[in-house]
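Enquirer: Below: one structure in structure tokens.
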Amino acid sequence: MPTLISSRFLLLVGESFPIRRAWATSRSVLLHGSVNCLSQVEPHHGSLTLSSIGVQSETEQWNRSKSSKVKPLGSPSEALKSKGKPLGINKKKAFKVTEKQQIESAPFAAKSFSELGLPHVLIERLEKEGFTVPTEVQSAAVPTILKNNDVIIQSYTGSGKTLAYLLPILAVVGPLRDKVHEGNGDGGESGKKLGIEAVVVAPSRELGMQIVREFEKVLGMDNRKVVQQLVGGANRTRQEEALKKNKPAIVVGTPGRIAELSASGKLRTHGCRYLVLDEVDELLSFNFREDMHRILEHVGRRSGADPNQNSGKAERQLVMVSATVPFSVVRAARSWGCDPLLVQAKKVAPLEIVSPSEPVSLSRFPPSPNPNSSMPSQAAAESLPPALQHYYCVTRLQHKVDTLRRCIHALDAKFVIAFMNHTKQLKDVVFKLEARGMKAAELHGDLGKLARSTTLKKFKNGEVRVLVTNELSARGLDVAECDLVVNLDLPTDSIHYAHRAGRTGRLGRNGTVLTICEEPEVFVVKKMQKQLGIPISSCDFAEGKMLITEEERTPTTSGSEV
Ligand SMILES: Nc1ncnc2c1ncn2[C@@H]1O[C@H](COP(=O)(O)OP(=O)(O)OP(=O)(O)O)[C@@H](O)[C@H]1O
């Protein structure tokens, strides 16, 4: 589209470019792994890393002076180096910059799991499964939860929040637990006799199943019956039978099914020690209101205990988890938890925002006492993995799918998630992509459980290249290889943008996010760019290449000023 980009400075990836554009160009180099481009940059600046080009702290970079575009080389994390396997999605094309860039951006703390107070047997299991170094948020969360604190865990997508709560639970519950805890409560060799000891709630079946698999991975095949899935859409009678037969110590499920089983008396959770709310901001949305109320009132609450009394609160440990923690979550934590702490990648702090007497609202982002609160935007900014690169492309509605296809070819993306807002249109996009020879499949809530899990399996094993989906897949879905996220429709706000974007660039890997929009929608992209404090560069596709448009950079403002 020459007319669209003619007035701006244009970068054609793989061709010559002036060295003064090193910052923007370096991003393209990393994106495409083009040795041609690299060779033109290196003689002037030495080898580049993510931090050296400022991508790791893009917000900072964005706000800083334009003259200091190339930073000095930082030292790679020893912790990740010791893992010995590169995380890159472009492994085959990798050149020396790529590995350093990935190491730099990986969220690992320079610690081992043994420093976190976990039992030896659990650490052995972790090592067997290839988990040798905790991520930063795991290093902060595990000891904090082990000390019996109620917590909110907030860290960006793909930073390992699941293990951050799963490990301290397994340190106390089930066969891998610390023997110190053996004499506690009713006691029991495998922990089974104690009944349900941990309830983990997730907003979707897919996420629930994924959490179960993570538990099973750590527990090992022999112990996998310690955890039981209770997701909606699955056969309820079979779940009830499994509860009776296996007597699991941990259940993971969706709010509806857990509340249903609890109300019917088939799931007894009054003696439960842990209640985990994964994707808590989603769980507190209006849709889940009644079920969440039942769960919060019953799990870990002995019958007869007054929920308004502190004594009632202390019976269970509450763990709330999300990449985005809006005001409503802080309020919920204060109301339902006991002096909860906020755990982030490198810090643990008390919640100071709302007085404990304030009522909990189970609606999404309720009006806060401070109408100018920038909490949602701040939360979104902190939820983004640092190694992501963000672009937008302007096109007409009828050309969106073609732009998607050209983008996939230009970036040679292998695992693509394309988001839309309306379920009805997903099929049409799949049809168009397949007609052009690209393997695609739709994934949405109207499909049955089996169809959903089959599609997801096919996507994960590479049979399907493009997963066309809606908000269902925006949260929690962990497909490590996902290298491209495309917004075919604009997300409703920066929080939704952050969760969609977070399906790529997981655990320090590279990732690209492209928003395909029409001209009148560009202002929305600009607004999200400001709210998130990230650069979202304009781009186009021609001759199988990505053209990145250099735009005038305006300083970002905080979310509250937008
Ligand atoms: N210490 C670790 N070492 C290696 N891999 C890890 C480690 N911790 C987590 N992972 C892996 O990283 C991936 C991302 O973890 P996880 O899904 O828990 O991220 P998350 O922060 O919960 O993301 P989201 O916010 O999108 O739900 C998973 O595949 C997980 O198995």
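Note on naming: chains are A, B, ... as they come in the structure tokens, residues start from 1 per chain, ligands start from 1 in the order shown.
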If you run DSSP on the backbone, which residues of range 232-451 of chain A are alpha helix (DSSP H), as a ChimeraX atom specification?
Expert: /A:236-246,255-263,280-283,289-298,310-314,327-336,375-382,400-411,423-435,449-451
Enquirer: Please build the interface table for chain A against ligand 1 with a cut-off of 7 Å, listing for each qualifying residue the nearest atom pair and the distance in Å to one decimal; count only C-alpha atoms and all ligand atoms, order rows by chain and increasing number, and write it as JSON lines.
Expert:
{"residue": "A:Gly130", "atom": "CA", "partner": "ligand 1", "partner_atom_place_in_ligand_line": "4 (C)", "distance": 6.8}
{"residue": "A:Phe131", "atom": "CA", "partner": "ligand 1", "partner_atom_place_in_ligand_line": "3 (N)", "distance": 4.4}
{"residue": "A:Thr132", "atom": "CA", "partner": "ligand 1", "partner_atom_place_in_ligand_line": "3 (N)", "distance": 6.1}
{"residue": "A:Val133", "atom": "CA", "partner": "ligand 1", "partner_atom_place_in_ligand_line": "1 (N)", "distance": 5.0}
{"residue": "A:Pro134", "atom": "CA", "partner": "ligand 1", "partner_atom_place_in_ligand_line": "1 (N)", "distance": 3.8}
{"residue": "A:Thr135", "atom": "CA", "partner": "ligand 1", "partner_atom_place_in_ligand_line": "1 (N)", "distance": 4.9}
{"residue": "A:Ser155", "atom": "CA", "partner": "ligand 1", "partner_atom_place_in_ligand_line": "21 (O)", "distance": 6.4}
{"residue": "A:Tyr156", "atom": "CA", "partner": "ligand 1", "partner_atom_place_in_ligand_line": "25 (O)", "distance": 5.9}
{"residue": "A:Thr157", "atom": "CA", "partner": "ligand 1", "partner_atom_place_in_ligand_line": "25 (O)", "distance": 3.4}
{"residue": "A:Gly158", "atom": "CA", "partner": "ligand 1", "partner_atom_place_in_ligand_line": "23 (O)", "distance": 3.5}
{"residue": "A:Ser159", "atom": "CA", "partner": "ligand 1", "partner_atom_place_in_ligand_line": "21 (O)", "distance": 3.9}
{"residue": "A:Gly160", "atom": "CA", "partner": "ligand 1", "partner_atom_place_in_ligand_line": "18 (O)", "distance": 3.4}
{"residue": "A:Lys161", "atom": "CA", "partner": "ligand 1", "partner_atom_place_in_ligand_line": "21 (O)", "distance": 4.0}
{"residue": "A:Thr162", "atom": "CA", "partner": "ligand 1", "partner_atom_place_in_ligand_line": "18 (O)", "distance": 3.7}
{"residue": "A:Leu163", "atom": "CA", "partner": "ligand 1", "partner_atom_place_in_ligand_line": "18 (O)", "distance": 5.7}
{"residue": "A:Glu214", "atom": "CA", "partner": "ligand 1", "partner_atom_place_in_ligand_line": "31 (O)", "distance": 6.7}
{"residue": "A:Ser322", "atom": "CA", "partner": "ligand 1", "partner_atom_place_in_ligand_line": "25 (O)", "distance": 6.0}
{"residue": "A:Ala323", "atom": "CA", "partner": "ligand 1", "partner_atom_place_in_ligand_line": "25 (O)", "distance": 5.0}
{"residue": "A:Arg475", "atom": "CA", "partner": "ligand 1", "partner_atom_place_in_ligand_line": "26 (O)", "distance": 5.9}
{"residue": "A:Gly476", "atom": "CA", "partner": "ligand 1", "partner_atom_place_in_ligand_line": "27 (O)", "distance": 3.4}
{"residue": "A:Leu477", "atom": "CA", "partner": "ligand 1", "partner_atom_place_in_ligand_line": "26 (O)", "distance": 6.1}
{"residue": "A:Asp478", "atom": "CA", "partner": "ligand 1", "partner_atom_place_in_ligand_line": "17 (O)", "distance": 5.3}
{"residue": "A:Ala480", "atom": "CA", "partner": "ligand 1", "partner_atom_place_in_ligand_line": "29 (O)", "distance": 6.1}
{"residue": "A:His499", "atom": "CA", "partner": "ligand 1", "partner_atom_place_in_ligand_line": "26 (O)", "distance": 6.8}
{"residue": "A:Gly502", "atom": "CA", "partner": "ligand 1", "partner_atom_place_in_ligand_line": "26 (O)", "distance": 5.7}
{"residue": "A:Arg503", "atom": "CA", "partner": "ligand 1", "partner_atom_place_in_ligand_line": "26 (O)", "distance": 6.2}
{"residue": "A:Arg506", "atom": "CA", "partner": "ligand 1", "partner_atom_place_in_ligand_line": "14 (C)", "distance": 6.0}
{"residue": "A:Leu507", "atom": "CA", "partner": "ligand 1", "partner_atom_place_in_ligand_line": "12 (O)", "distance": 5.4}
Enquirer: Going by DSSP on the backbone, which bits of range 313-544 of chain A are strand (DSSP E)? Write them as number ranges by chain, please.
Expert: A: 317-322, 341-343, 348-350, 388-394, 416-419, 440-443, 466-469, 484-487, 511-517, 536-542
Enquirer: Work out how far apart CA of Asn470 in chain A and CA of Met209 in chain A are and give it in Å to one decimal.
Expert: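 Those two atoms sit 18.4 Å apart.
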Enquirer: Write out as an MDAnalysis selection string which residues come within 6 Å of range 387-391 of chain A when counting only C-alpha atoms, dropping same-chain ones fewer than 5 positions away.
Expert: chainID A and resid 56 505 510:514 536:538
Enquirer: Can you spit out the residues from that selection as a PDB file, in the first residue's frame, using N, CA and C atoms?
Expert:
ATOM      1  N   GLN A  56      13.699  -4.717  26.184  1.00  0.00           N
ATOM      2  CA  GLN A  56      13.352  -5.294  27.477  1.00  0.00           C
ATOM      3  C   GLN A  56      12.595  -4.289  28.348  1.00  0.00           C
ATOM      4  N   GLY A 505       5.174 -14.933  23.192  1.00  0.00           N
ATOM      5  CA  GLY A 505       6.282 -14.399  23.993  1.00  0.00           C
ATOM      6  C   GLY A 505       6.314 -14.984  25.387  1.00  0.00           C
ATOM      7  N   ASN A 510      10.518 -14.976  22.060  1.00  0.00           N
ATOM      8  CA  ASN A 510      10.114 -13.895  21.159  1.00  0.00           C
ATOM      9  C   ASN A 510       8.634 -14.012  20.849  1.00  0.00           C
ATOM     10  N   GLY A 511       8.041 -12.902  20.499  1.00  0.00           N
ATOM     11  CA  GLY A 511       6.641 -12.945  20.097  1.00  0.00           C
ATOM     12  C   GLY A 511       6.254 -11.660  19.398  1.00  0.00           C
ATOM     13  N   THR A 512       5.337 -11.777  18.454  1.00  0.00           N
ATOM     14  CA  THR A 512       4.864 -10.603  17.724  1.00  0.00           C
ATOM     15  C   THR A 512       3.357 -10.493  17.875  1.00  0.00           C
ATOM     16  N   VAL A 513       2.884  -9.275  18.066  1.00  0.00           N
ATOM     17  CA  VAL A 513       1.448  -9.020  18.155  1.00  0.00           C
ATOM     18  C   VAL A 513       1.085  -8.040  17.044  1.00  0.00           C
ATOM     19  N   LEU A 514       0.151  -8.426  16.203  1.00  0.00           N
ATOM     20  CA  LEU A 514      -0.277  -7.542  15.114  1.00  0.00           C
ATOM     21  C   LEU A 514      -1.763  -7.251  15.272  1.00  0.00           C
ATOM     22  N   ILE A 536       3.557   0.666  19.536  1.00  0.00           N
ATOM     23  CA  ILE A 536       2.860  -0.189  18.567  1.00  0.00           C
ATOM     24  C   ILE A 536       3.113   0.449  17.203  1.00  0.00           C
ATOM     25  N   SER A 537       4.012  -0.150  16.438  1.00  0.00           N
ATOM     26  CA  SER A 537       4.451   0.471  15.187  1.00  0.00           C
ATOM     27  C   SER A 537       3.534   0.115  14.034  1.00  0.00           C
ATOM     28  N   SER A 538       3.399   1.071  13.145  1.00  0.00           N
ATOM     29  CA  SER A 538       2.602   0.828  11.950  1.00  0.00           C
ATOM     30  C   SER A 538       3.400  -0.046  10.971  1.00  0.00           C
TER      31      SER A 538
END
Enquirer: Quick check, in Å to one decimal: how far apart do CA of Val142 in chain A and CA of Gln154 in chain A lie?
Expert: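 These atoms are spaced 13.2 Å apart.
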Enquirer: List as a PDB file with C-alpha atoms, in the first residue's frame the protein and nucleic acid residues near Arg465 in chain A, meaning an atom at most 7 Å away when only C-alpha atoms are counted, but skip any in the same chain fewer than 4 places from it.
Expert:
ATOM      1  CA  LYS A 414       4.216 -21.293  12.672  1.00  0.00           C
ATOM      2  CA  PHE A 415       1.777 -21.075  15.571  1.00  0.00           C
ATOM      3  CA  VAL A 416      -0.684 -18.236  15.111  1.00  0.00           C
ATOM      4  CA  LYS A 439      -4.466 -24.959   7.909  1.00  0.00           C
ATOM      5  CA  ALA A 440      -6.829 -23.188  10.287  1.00  0.00           C
ATOM      6  CA  PHE A 459      -2.944 -26.573  17.226  1.00  0.00           C
TER       7      PHE A 459
END
Enquirer: From the set A:Ile196, A:Ala349, A:Ile153, A:Met546, which residue has the shortest atom-to-atom contact distance to Leu404 in chain A, counting only C-alpha atoms?
Expert: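 Of all the options, A:Met546 lies closest to Leu404 in chain A.
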Enquirer: Nearest to Ile417 in chain A: which of A:Glu471, A:Glu136, A:Thr269, A:Leu219 is it, counting only C-alpha atoms?
Expert: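 Counting only C-alpha atoms, the residue closest to Ile417 in chain A is A:Glu471.
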Enquirer: Please provide the set of residues having any atom within 12 Å of Val121 in chain A, restricted to only C-alpha atoms, with same-chain residues fewer than 6 positions apart removed, written as a list in words.
Expert: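 Final neighbour list, sorted by chain and number: Phe113, Ser114, Glu127, Lys128, Leu167, Leu170, Ala171, Val172, Gly174, Pro175, Leu176, Arg177, Asp178, Lys179, Val218, Leu219 and Gly220 of chain A.
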Enquirer: Could those residues be written to a file, using N, CA and C atoms, as a PDB file, in the first residue's frame?
Expert:
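The resulting file, result17.pdb, is shown below:
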ATOM      1  N   PHE A 113      15.348 -24.063  43.012  1.00  0.00           N
ATOM      2  CA  PHE A 113      14.127 -24.365  43.757  1.00  0.00           C
ATOM      3  C   PHE A 113      14.434 -24.746  45.198  1.00  0.00           C
ATOM      4  N   SER A 114      15.640 -25.302  45.417  1.00  0.00           N
ATOM      5  CA  SER A 114      15.960 -25.746  46.778  1.00  0.00           C
ATOM      6  C   SER A 114      16.079 -24.565  47.751  1.00  0.00           C
ATOM      7  N   GLU A 127      12.905 -31.440  38.916  1.00  0.00           N
ATOM      8  CA  GLU A 127      14.093 -31.641  38.084  1.00  0.00           C
ATOM      9  C   GLU A 127      13.827 -32.680  37.000  1.00  0.00           C
ATOM     10  N   LYS A 128      13.118 -33.731  37.394  1.00  0.00           N
ATOM     11  CA  LYS A 128      12.785 -34.779  36.406  1.00  0.00           C
ATOM     12  C   LYS A 128      11.979 -34.211  35.247  1.00  0.00           C
ATOM     13  N   LEU A 167       3.332 -25.082  43.587  1.00  0.00           N
ATOM     14  CA  LEU A 167       4.440 -25.671  44.366  1.00  0.00           C
ATOM     15  C   LEU A 167       4.240 -25.562  45.876  1.00  0.00           C
ATOM     16  N   LEU A 170       1.701 -28.133  46.848  1.00  0.00           N
ATOM     17  CA  LEU A 170       2.210 -29.516  46.843  1.00  0.00           C
ATOM     18  C   LEU A 170       3.262 -29.749  47.928  1.00  0.00           C
ATOM     19  N   ALA A 171       3.807 -28.660  48.463  1.00  0.00           N
ATOM     20  CA  ALA A 171       4.753 -28.799  49.570  1.00  0.00           C
ATOM     21  C   ALA A 171       4.038 -29.172  50.865  1.00  0.00           C
ATOM     22  N   VAL A 172       2.731 -28.983  50.883  1.00  0.00           N
ATOM     23  CA  VAL A 172       1.957 -29.210  52.107  1.00  0.00           C
ATOM     24  C   VAL A 172       0.883 -30.284  51.914  1.00  0.00           C
ATOM     25  N   GLY A 174      -0.649 -33.683  49.746  1.00  0.00           N
ATOM     26  CA  GLY A 174      -0.367 -34.798  48.831  1.00  0.00           C
ATOM     27  C   GLY A 174       0.954 -35.493  49.108  1.00  0.00           C
ATOM     28  N   PRO A 175       1.302 -36.448  48.262  1.00  0.00           N
ATOM     29  CA  PRO A 175       2.429 -37.347  48.539  1.00  0.00           C
ATOM     30  C   PRO A 175       3.812 -36.699  48.460  1.00  0.00           C
ATOM     31  N   LEU A 176       3.928 -35.542  47.831  1.00  0.00           N
ATOM     32  CA  LEU A 176       5.250 -34.906  47.723  1.00  0.00           C
ATOM     33  C   LEU A 176       5.499 -33.899  48.835  1.00  0.00           C
ATOM     34  N   ARG A 177       4.579 -33.870  49.776  1.00  0.00           N
ATOM     35  CA  ARG A 177       4.653 -32.819  50.797  1.00  0.00           C
ATOM     36  C   ARG A 177       5.817 -33.023  51.760  1.00  0.00           C
ATOM     37  N   ASP A 178       6.118 -31.966  52.442  1.00  0.00           N
ATOM     38  CA  ASP A 178       7.161 -31.994  53.466  1.00  0.00           C
ATOM     39  C   ASP A 178       6.651 -32.851  54.620  1.00  0.00           C
ATOM     40  N   LYS A 179       7.484 -33.760  55.107  1.00  0.00           N
ATOM     41  CA  LYS A 179       7.046 -34.659  56.188  1.00  0.00           C
ATOM     42  C   LYS A 179       6.686 -33.886  57.455  1.00  0.00           C
ATOM     43  N   VAL A 218       3.923 -32.377  37.687  1.00  0.00           N
ATOM     44  CA  VAL A 218       4.778 -32.311  38.872  1.00  0.00           C
ATOM     45  C   VAL A 218       4.554 -33.533  39.766  1.00  0.00           C
ATOM     46  N   LEU A 219       3.309 -33.958  39.901  1.00  0.00           N
ATOM     47  CA  LEU A 219       3.016 -35.106  40.766  1.00  0.00           C
ATOM     48  C   LEU A 219       3.593 -36.407  40.210  1.00  0.00           C
ATOM     49  N   GLY A 220       3.615 -36.528  38.870  1.00  0.00           N
ATOM     50  CA  GLY A 220       4.064 -37.777  38.243  1.00  0.00           C
ATOM     51  C   GLY A 220       2.892 -38.712  38.033  1.00  0.00           C
TER      52      GLY A 220
END
Enquirer: Residues at most 9 Å from Val401 in chain A, counting only C-alpha atoms, excluding those fewer than 4 positions away in the same chain, as a PyMOL selection string?
Expert: chain A and resi 397+405-406+429+432-433+488
Enquirer: Nearest to Asn148 in chain A among A:Glu129, A:Glu216, A:Glu206, A:Asp339, with distances taken over only C-alpha atoms: which residue is it?
Expert: A:Asp339
Enquirer: Name all residues at most 10 Å from Arg224 in chain A (count only C-alpha atoms; drop same-chain ones fewer than 6 positions away) and give them as a PDB file with C-alpha atoms, in the first residue's frame.
Expert:
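around-v8.pdb, freshly written:
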ATOM      1  CA  VAL A 212      -4.644 -30.066  36.051  1.00  0.00           C
ATOM      2  CA  ARG A 213      -1.960 -31.122  33.562  1.00  0.00           C
ATOM      3  CA  PHE A 215      -0.283 -30.532  38.658  1.00  0.00           C
ATOM      4  CA  GLU A 216      -0.065 -33.996  37.079  1.00  0.00           C
ATOM      5  CA  LYS A 217       3.285 -33.192  35.512  1.00  0.00           C
ATOM      6  CA  VAL A 218       4.778 -32.311  38.872  1.00  0.00           C
ATOM      7  CA  PRO A 248      -8.419 -36.403  45.629  1.00  0.00           C
TER       8      PRO A 248
END
Enquirer: Would you write out, as CSV, a table of all residues in range 473-553 of chain A that have an atom no more than 10 Å from an atom of range 409-413 of chain A, listing for each the closest atom pair and the distance in Å to one decimal, considering only C-alpha atoms and ordering rows by chain and rising residue number?
Expert:
residue,atom,partner,partner_atom,distance
A:Glu481,CA,A:Ala413,CA,9.8
A:Cys482,CA,A:Ala413,CA,8.4
A:Asp483,CA,A:Ala413,CA,6.0
A:Leu484,CA,A:Ala413,CA,6.2
A:Val485,CA,A:Ala413,CA,9.6
A:Gly511,CA,A:Ala413,CA,9.7
A:Thr512,CA,A:Leu411,CA,9.0
A:Phe541,CA,A:Ala410,CA,7.2
A:Ala542,CA,A:Ala410,CA,8.4
A:Glu543,CA,A:Ala410,CA,8.4
A:Gly544,CA,A:Ala410,CA,4.8
A:Lys545,CA,A:Ala410,CA,4.7
A:Met546,CA,A:Ala410,CA,5.8
A:Leu547,CA,A:Ala410,CA,9.5
Enquirer: Based on the selection just made, write N, CA and C atoms of those residues as a PDB file, in the first residue's frame.
Expert:
ATOM      1  N   GLU A 481       4.979 -22.467  21.836  1.00  0.00           N
ATOM      2  CA  GLU A 481       5.509 -22.158  20.497  1.00  0.00           C
ATOM      3  C   GLU A 481       4.784 -21.014  19.811  1.00  0.00           C
ATOM      4  N   CYS A 482       3.692 -20.542  20.364  1.00  0.00           N
ATOM      5  CA  CYS A 482       2.927 -19.481  19.691  1.00  0.00           C
ATOM      6  C   CYS A 482       3.832 -18.275  19.418  1.00  0.00           C
ATOM      7  N   ASP A 483       4.044 -17.973  18.134  1.00  0.00           N
ATOM      8  CA  ASP A 483       4.967 -16.897  17.783  1.00  0.00           C
ATOM      9  C   ASP A 483       4.274 -15.658  17.235  1.00  0.00           C
ATOM     10  N   LEU A 484       2.966 -15.760  17.015  1.00  0.00           N
ATOM     11  CA  LEU A 484       2.250 -14.587  16.476  1.00  0.00           C
ATOM     12  C   LEU A 484       0.825 -14.554  17.003  1.00  0.00           C
ATOM     13  N   VAL A 485       0.452 -13.392  17.539  1.00  0.00           N
ATOM     14  CA  VAL A 485      -0.941 -13.148  17.926  1.00  0.00           C
ATOM     15  C   VAL A 485      -1.464 -12.035  17.030  1.00  0.00           C
ATOM     16  N   GLY A 511       8.041 -12.902  20.499  1.00  0.00           N
ATOM     17  CA  GLY A 511       6.641 -12.945  20.097  1.00  0.00           C
ATOM     18  C   GLY A 511       6.254 -11.660  19.398  1.00  0.00           C
ATOM     19  N   THR A 512       5.337 -11.777  18.454  1.00  0.00           N
ATOM     20  CA  THR A 512       4.864 -10.603  17.724  1.00  0.00           C
ATOM     21  C   THR A 512       3.357 -10.493  17.875  1.00  0.00           C
ATOM     22  N   PHE A 541       2.536  -5.073   4.505  1.00  0.00           N
ATOM     23  CA  PHE A 541       3.177  -6.276   3.956  1.00  0.00           C
ATOM     24  C   PHE A 541       3.200  -6.192   2.438  1.00  0.00           C
ATOM     25  N   ALA A 542       4.358  -6.443   1.881  1.00  0.00           N
ATOM     26  CA  ALA A 542       4.485  -6.436   0.422  1.00  0.00           C
ATOM     27  C   ALA A 542       5.604  -7.378   0.020  1.00  0.00           C
ATOM     28  N   GLU A 543       5.419  -8.035  -1.077  1.00  0.00           N
ATOM     29  CA  GLU A 543       6.419  -8.949  -1.637  1.00  0.00           C
ATOM     30  C   GLU A 543       6.947  -9.935  -0.596  1.00  0.00           C
ATOM     31  N   GLY A 544       6.057 -10.401   0.230  1.00  0.00           N
ATOM     32  CA  GLY A 544       6.430 -11.404   1.224  1.00  0.00           C
ATOM     33  C   GLY A 544       7.251 -10.853   2.368  1.00  0.00           C
ATOM     34  N   LYS A 545       7.283  -9.528   2.509  1.00  0.00           N
ATOM     35  CA  LYS A 545       8.066  -8.938   3.594  1.00  0.00           C
ATOM     36  C   LYS A 545       7.213  -7.981   4.428  1.00  0.00           C
ATOM     37  N   MET A 546       7.714  -7.763   5.629  1.00  0.00           N
ATOM     38  CA  MET A 546       7.027  -6.814   6.503  1.00  0.00           C
ATOM     39  C   MET A 546       7.676  -5.451   6.357  1.00  0.00           C
ATOM     40  N   LEU A 547       6.861  -4.433   6.124  1.00  0.00           N
ATOM     41  CA  LEU A 547       7.379  -3.079   6.010  1.00  0.00           C
ATOM     42  C   LEU A 547       7.014  -2.333   7.282  1.00  0.00           C
TER      43      LEU A 547
END
